[in-house]
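Pasted below: start_25.txt, compact mmCIF, C-alpha atoms.
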# COMPACT_ATOMS: atom_id res chain seq x y z
CA MET A 1 -23.13 -2.59 16.75
CA GLU A 2 -19.40 -2.50 17.29
CA ASP A 3 -18.02 1.00 16.84
CA ASN A 4 -14.74 -0.27 15.43
CA ASN A 5 -16.47 -2.07 12.58
CA THR A 6 -18.67 0.90 11.87
CA ASN A 7 -15.72 3.26 11.83
CA GLU A 8 -13.85 0.85 9.58
CA LEU A 9 -16.75 0.84 7.11
CA LEU A 10 -16.96 4.64 7.10
CA GLY A 11 -13.19 4.85 6.76
CA ARG A 12 -13.23 2.66 3.66
CA LEU A 13 -15.88 4.88 2.10
CA LEU A 14 -14.77 8.35 3.15
CA GLY A 15 -11.03 7.89 3.69
CA PRO A 16 -8.75 10.01 5.84
CA ALA A 17 -9.70 13.65 6.31
CA ASP A 18 -6.10 14.78 6.76
CA PRO A 19 -3.91 15.58 3.73
CA GLU A 20 -2.17 12.50 2.43
CA ILE A 21 0.54 11.54 0.02
CA GLY A 22 -0.12 9.06 -2.80
CA CYS A 23 0.92 5.43 -3.23
CA GLU A 24 4.09 6.24 -5.18
CA ALA A 25 5.28 8.81 -2.65
CA CYS A 26 4.44 6.37 0.13
CA PHE A 27 6.62 3.72 -1.50
CA GLU A 28 9.47 6.18 -1.94
CA GLU A 29 9.43 7.23 1.72
CA LEU A 30 8.49 3.93 3.36
CA ASP A 31 11.99 2.76 4.28
CA ARG A 32 12.91 6.06 5.95
CA TYR A 33 9.55 6.24 7.71
CA VAL A 34 9.68 2.76 9.26
CA GLU A 35 13.29 3.20 10.37
CA LEU A 36 12.31 6.39 12.17
CA GLU A 37 9.33 4.58 13.72
CA ALA A 38 11.49 1.67 14.82
CA ALA A 39 13.96 4.13 16.37
CA GLY A 40 11.15 5.83 18.30
CA GLU A 41 11.57 9.08 16.39
CA ASP A 42 8.81 11.29 15.03
CA ALA A 43 8.25 9.67 11.65
CA ASP A 44 5.07 11.64 11.03
CA ALA A 45 6.89 14.95 11.36
CA ALA A 46 9.60 13.75 8.97
CA VAL A 47 7.16 12.46 6.35
CA PRO A 48 3.91 14.42 6.61
CA GLY A 49 0.94 12.81 4.94
CA LEU A 50 2.21 9.24 5.05
CA ARG A 51 0.27 8.20 8.15
CA PRO A 52 -3.08 9.39 6.73
CA HIS A 53 -2.27 7.53 3.53
CA LEU A 54 -1.74 4.31 5.47
CA GLU A 55 -5.17 4.85 7.03
CA GLY A 56 -6.74 5.18 3.58
CA CYS A 57 -4.82 2.57 1.59
CA PRO A 58 -4.96 -1.03 2.89
CA ALA A 59 -2.32 -2.25 0.42
CA CYS A 60 0.27 0.33 1.43
CA ARG A 61 -0.62 -0.26 5.07
CA GLU A 62 0.05 -3.98 4.73
CA GLU A 63 3.42 -3.29 3.14
CA HIS A 64 4.28 -0.76 5.84
CA ASP A 65 3.35 -3.21 8.59
CA SER A 66 5.45 -5.93 6.98
CA LEU A 67 8.52 -3.73 6.54
CA LEU A 68 8.31 -2.53 10.13
CA ALA A 69 7.90 -6.10 11.39
CA LEU A 70 10.77 -7.31 9.23
CA ILE A 71 13.31 -4.75 10.40
CA ARG A 72 12.20 -5.18 14.01
CA LYS A 73 12.77 -8.89 13.59
CA GLY A 74 16.31 -8.07 12.50
CA MET B 1 1.61 1.26 -8.59
CA SER B 2 4.79 0.09 -10.13
CA ALA B 3 7.84 -0.06 -7.92
CA THR B 4 9.68 1.85 -10.64
CA THR B 5 7.41 4.85 -11.09
CA ALA B 6 8.15 8.40 -10.04
CA THR B 7 7.04 10.07 -6.83
CA VAL B 8 3.59 11.63 -7.13
CA GLY B 9 1.48 12.76 -4.20
CA VAL B 10 -2.30 12.69 -3.96
CA GLY B 11 -3.13 15.73 -1.91
CA MET B 12 0.43 16.71 -1.12
CA ARG B 13 4.02 15.76 -1.65
CA SER B 14 6.28 14.25 0.95
CA SER B 15 9.22 16.25 2.18
CA PRO B 16 12.34 15.86 0.03
CA VAL B 17 14.50 16.80 2.99
CA ALA B 18 15.68 13.92 5.13
CA PRO B 19 16.51 14.52 8.75
CA GLY B 20 19.04 12.45 10.57
CA ARG B 21 21.13 10.13 8.46
CA THR B 22 24.11 11.78 6.79
CA ALA B 23 26.34 8.81 6.00
CA LEU B 24 25.70 5.23 4.97
CA ASP B 25 26.28 2.47 7.47
CA PRO B 26 29.31 0.33 6.53
CA GLU B 27 27.22 -2.69 5.48
CA SER B 28 25.07 -0.60 3.15
CA GLN B 29 28.12 1.16 1.73
CA GLU B 30 29.92 -2.09 1.02
CA LEU B 31 26.96 -3.79 -0.66
CA LEU B 32 26.06 -0.70 -2.68
CA GLU B 33 29.62 -0.33 -3.98
CA ALA B 34 29.76 -4.00 -4.91
CA LEU B 35 26.49 -3.71 -6.80
CA LYS B 36 27.96 -0.81 -8.77
CA SER B 37 31.11 -2.75 -9.65
CA SER B 38 31.55 -5.54 -12.21
CA GLY B 39 32.75 -9.10 -12.64
CA ARG B 40 32.90 -11.51 -9.73
CA VAL B 41 32.36 -8.81 -7.10
CA TYR B 42 29.15 -7.74 -8.85
CA ASP B 43 27.93 -11.32 -9.28
CA ASP B 44 28.55 -12.12 -5.62
CA ALA B 45 26.79 -8.93 -4.54
CA CYS B 46 23.77 -9.79 -6.71
CA ALA B 47 23.60 -13.22 -5.11
CA ARG B 48 23.77 -11.69 -1.62
CA LEU B 49 21.09 -9.18 -2.53
CA HIS B 50 18.85 -11.91 -3.93
CA GLU B 51 19.17 -13.83 -0.66
CA LEU B 52 18.06 -10.75 1.26
CA LEU B 53 15.15 -10.16 -1.10
CA LEU B 54 14.08 -13.80 -0.94
CA ARG B 55 14.08 -13.62 2.85
CA ALA B 56 11.81 -10.56 2.72
CA ALA B 57 9.55 -12.10 0.09
CA ARG B 58 9.15 -15.30 2.10
CA PHE B 59 8.40 -13.21 5.19
CA GLU B 60 5.61 -11.38 3.34
CA VAL B 61 4.14 -14.50 1.74
CA ALA B 62 4.08 -16.23 5.12
CA ARG B 63 2.18 -13.26 6.61
CA ARG B 64 -0.42 -13.19 3.82
CA ARG B 65 -0.72 -16.82 2.78
CA ARG B 66 -4.45 -16.55 2.05
CA GLY B 67 -4.91 -20.22 1.24
CA LEU B 68 -1.65 -20.74 -0.61
CA ALA B 69 -0.22 -24.24 -0.71
CA ALA B 70 3.39 -24.56 0.43
CA GLY B 71 4.65 -25.07 -3.12
CA GLU B 72 2.69 -22.08 -4.43
CA ALA B 73 4.02 -19.91 -1.62
CA ASP B 74 7.61 -20.75 -2.47
CA VAL B 75 7.08 -20.11 -6.18
CA ILE B 76 5.52 -16.72 -5.44
CA ALA B 77 8.29 -15.78 -3.03
CA THR B 78 10.98 -16.72 -5.53
CA GLU B 79 9.30 -14.84 -8.38
CA ALA B 80 8.88 -11.83 -6.11
CA ALA B 81 12.57 -11.91 -5.16
CA ASP B 82 13.56 -12.20 -8.83
CA ASP B 83 11.38 -9.23 -9.81
CA ALA B 84 12.56 -7.22 -6.82
CA LEU B 85 16.20 -7.86 -7.73
CA LEU B 86 15.63 -6.39 -11.18
CA ALA B 87 13.77 -3.41 -9.70
CA VAL B 88 16.49 -2.73 -7.13
CA LEU B 89 19.29 -2.96 -9.68
CA ARG B 90 17.35 -0.70 -12.06
CA ARG B 91 16.88 1.88 -9.33
CA LEU B 92 20.22 1.78 -7.51
CA ASP B 93 20.89 5.43 -8.33
CA ASP B 94 17.62 6.37 -6.63
CA PHE B 95 18.84 5.13 -3.25
CA ARG B 96 19.39 8.30 -1.25
CA GLY B 97 20.95 6.80 1.83
CA LEU B 98 18.07 7.91 4.03
CA SER B 99 17.72 4.41 5.44
CA LYS B 100 19.85 1.30 5.53
CA PHE B 101 20.29 -0.11 2.06
CA THR B 102 18.77 -3.40 3.19
CA THR B 103 15.61 -1.64 4.44
CA TRP B 104 15.33 0.20 1.11
CA ALA B 105 15.78 -3.06 -0.81
CA TYR B 106 13.39 -5.02 1.40
CA LYS B 107 10.47 -2.80 0.45
CA PHE B 108 10.77 -3.85 -3.19
CA ALA B 109 10.55 -7.53 -2.23
CA LEU B 110 7.65 -6.95 0.15
CA TYR B 111 5.81 -4.98 -2.52
CA GLU B 112 6.34 -7.60 -5.23
CA ALA B 113 5.35 -10.44 -2.89
CA ALA B 114 2.26 -8.66 -1.55
CA VAL B 115 1.00 -7.83 -5.02
CA LYS B 116 1.53 -11.39 -6.23
CA VAL B 117 -0.30 -12.86 -3.23
CA ARG B 118 -3.27 -10.51 -3.74
CA LYS B 119 -3.49 -11.31 -7.43
CA HIS B 120 -3.14 -15.03 -6.78
CA ALA B 121 -6.03 -14.95 -4.31
CA TRP B 122 -8.25 -13.37 -6.96
CA ARG B 123 -6.92 -15.21 -10.01
CA ASP B 124 -10.13 -17.20 -10.61
CA ARG B 125 -12.60 -14.62 -9.32
CA GLU B 126 -14.69 -12.20 -11.31
CA LEU B 127 -14.94 -8.67 -9.98
CA PRO B 128 -18.26 -8.38 -8.11
CA VAL B 129 -20.87 -6.19 -9.75
CA GLU B 130 -22.70 -4.27 -7.05
CA GLU B 131 -25.90 -2.55 -8.07
CA ASP B 132 -27.48 -2.40 -4.61
CA VAL B 133 -24.80 -0.38 -2.86
CA LEU B 134 -27.03 0.61 0.06
CA GLY B 135 -27.99 -3.02 0.65
CA ALA B 136 -24.34 -4.00 0.60
CA LEU B 137 -23.47 -1.23 3.04
CA HIS B 138 -26.26 -2.27 5.40
CA GLY B 139 -25.04 -5.84 5.06
CA GLY B 140 -21.66 -4.63 6.26
CA LEU B 141 -23.09 -3.44 9.54
CA PRO B 142 -21.81 -5.81 12.19
CA GLY B 143 -24.84 -6.17 14.43
CA PRO B 144 -28.43 -7.23 13.75
CA GLU B 145 -29.89 -4.44 15.84
CA GLU B 146 -31.21 -1.32 14.23
CA ASP B 147 -28.95 1.70 14.28
CA VAL B 148 -31.08 4.42 12.76
CA GLU B 149 -28.45 7.13 12.74
CA MET B 150 -25.85 4.91 11.05
CA ARG B 151 -28.33 3.62 8.48
CA GLU B 152 -29.36 7.15 7.64
CA ARG B 153 -25.73 8.14 7.19
CA LEU B 154 -25.03 5.18 4.94
CA GLY B 155 -28.15 6.07 2.96
CA MET B 156 -26.80 9.58 2.42
CA ILE B 157 -23.44 8.17 1.34
CA ALA B 158 -25.05 5.74 -1.11
CA ALA B 159 -27.18 8.52 -2.58
CA ALA B 160 -24.15 10.78 -2.87
CA MET B 161 -22.24 8.02 -4.63
CA ASP B 162 -25.01 7.95 -7.25
CA ASN B 163 -25.37 11.70 -7.54
CA VAL B 164 -21.97 13.37 -7.18
CA LEU B 165 -19.43 10.81 -8.42
CA THR B 166 -18.49 10.11 -12.01
CA PRO B 167 -19.25 6.56 -13.20
CA HIS B 168 -15.54 5.70 -12.96
CA GLN B 169 -15.20 7.16 -9.46
CA ARG B 170 -18.29 5.25 -8.33
CA ARG B 171 -17.05 2.01 -9.86
CA VAL B 172 -13.66 2.35 -8.15
CA LEU B 173 -15.15 3.28 -4.76
CA VAL B 174 -17.67 0.43 -4.90
CA ALA B 175 -14.99 -2.09 -5.80
CA LEU B 176 -12.42 -0.95 -3.25
CA GLY B 177 -14.57 0.48 -0.47
CA VAL B 178 -17.69 -1.67 -0.60
CA ASN B 179 -16.65 -4.98 -2.15
CA GLY B 180 -13.13 -5.13 -0.75
CA VAL B 181 -11.37 -5.82 -4.05
CA PRO B 182 -7.60 -5.41 -3.51
CA ILE B 183 -6.35 -2.30 -5.29
CA ASP B 184 -3.67 -4.22 -7.21
CA VAL B 185 -6.27 -6.67 -8.51
CA LEU B 186 -8.55 -3.86 -9.65
CA ALA B 187 -5.60 -2.05 -11.23
CA GLU B 188 -4.71 -5.16 -13.23
CA ARG B 189 -8.31 -5.72 -14.39
CA LEU B 190 -8.69 -2.09 -15.43
CA SER B 191 -5.22 -1.93 -17.02
CA THR B 192 -4.08 0.90 -14.79
CA THR B 193 -1.80 1.39 -11.77
CA ARG B 194 -2.26 1.37 -8.01
CA GLY B 195 -1.30 5.04 -7.90
CA ALA B 196 -3.80 6.08 -10.55
CA LEU B 197 -6.59 4.11 -8.90
CA TYR B 198 -5.80 5.55 -5.49
CA LYS B 199 -5.95 9.06 -6.99
CA THR B 200 -9.44 8.25 -8.28
CA LEU B 201 -10.42 6.84 -4.88
CA HIS B 202 -9.00 9.90 -3.12
CA ASP B 203 -10.95 12.27 -5.38
CA ALA B 204 -14.15 10.27 -4.92
CA ARG B 205 -13.79 10.28 -1.14
CA SER B 206 -13.08 14.01 -1.12
CA LYS B 207 -16.21 14.67 -3.17
CA LEU B 208 -18.32 12.57 -0.82
CA ARG B 209 -16.96 14.26 2.30
CA SER B 210 -17.56 17.72 0.84
CA HIS B 211 -21.08 16.77 -0.22
CA LEU B 212 -21.93 15.31 3.18
CA GLU B 213 -20.56 18.37 4.97
CA GLU B 214 -22.68 20.67 2.80
CA ALA B 215 -25.73 18.49 3.28
CA SER B 216 -25.38 18.52 7.05
Go ahead and express the file in the form of structure tokens.
Amino acid sequence: MEDNNTNELLGRLLGPADPEIGCEACFEELDRYVELEAAGEDADAAVPGLRPHLEGCPACREEHDSLLALIRKG
Amino acid sequence: MSATTATVGVGMRSSPVAPGRTALDPESQELLEALKSSGRVYDDACARLHELLLRAARFEVARRRRGLAAGEADVIATEAADDALLAVLRRLDDFRGLSKFTTWAYKFALYEAAVKVRKHAWRDRELPVEEDVLGALHGGLPGPEEDVEMRERLGMIAAAMDNVLTPHQRRVLVALGVNGVPIDVLAERLSTTRGALYKTLHDARSKLRSHLEEAS
């Protein structure tokens, strides 16, 4: 068995253990978070709880990944 | 979730204090002022903003095509840009200047496009009804070889889903966590929002983790 797939299955069922913000708060903070990430700054310290939310919410994670890719593309 | 709803955390709130940026970049300042003006300046600014949003929407649709024909992709991207333009204009006063204005606006277009692509992919599909959760979980194991410890753990999770979750929590967790239904699709079918569903999912997961910790 591949550990990554197993962990992914458990992650879908049990979610992140760390405190997380919700989808609405994630949307509100997403632009600031990805700009800090793109600048190499500590986005997780600036927006606590967003990273765990991305681990637990595939939809928000997709939108995060797209926004980061888009601004890196310029 | 709606792109126009208020900020609500699940387990915690995000920090309202923004480090770093204290003044808008000139491009953001100019576009923002034009969008708050009127007449020709406003119309031109709306057209510029729509171009930006369409670029972002096309970017997202191209990343998540999921079987879309070229014509369908363009229709979805255009509709997403149109909806995002309305959302951005409605929420201009919410822009806090904590990022570039374009980055803030892009997220509305990406959100609208992503939701439309997910819903389009499921437009002709019924939500799966999963009675045999344990069987489905075992089916999700990647390898054919027996993994006794993992199967026991999944058995405990399946039993806990039956015993400690409410029917609604179980239904949401099965749909999102077992069957892989996109959260926006489930929200539409259940006439609720992404945020409300994620809160249910979060509570269900927390219950399961607590139960499993006690059991172990």
* When you get a sec, could you note down which chain A residues fall within 8 Å of chain B, using only C-alpha atoms, as a ChimeraX atom specification? => /A:1-2,5-6,9,12-15,19-25,27-32,35,46-50,57,59,63,66-67,70-71
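Of note, atom CA of His138 of chain B and atom CA of Asp162 of chain B are spaced 16.3 Å apart.
Atom CA of Gly11 of chain A lies 17.3 Å from atom CA of Arg171 of chain B.
Here atom CA of Val148 of chain B is placed at a distance of 13.9 Å from atom CA of Leu134 of chain B.
Distance check against Pro16 of chain A using all atoms listed in the file: of A:Lys73, A:Asp42, A:Leu68, A:Arg51, the minimum falls on A:Arg51.
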* **Proximity to Arg125 of chain B - best of B:Val61, B:Val181, B:Val41, B:Leu24, all atoms listed in the file** => B:Val181
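Distances from A:Glu62, A:Gly74, A:Val34, A:Leu54 to Asp18 of chain A were compared using all atoms listed in the file, and the smallest one belongs to A:Leu54.
Between Gly71 of chain B and the candidates B:Glu30, B:Ala84, B:Arg58, B:Ser37, the tightest atom-to-atom separation, counting all atoms listed in the file, involves B:Arg58.
By chain and then residue number, the residues within 8 Å of Leu54 of chain B are His50, Glu51, Leu52, Ala56, Ala57, Arg58, Ala77, Thr78, Ala80, Ala81 and Ala109 of chain B, counting only C-alpha atoms and disregarding those fewer than 2 positions away in sequence.
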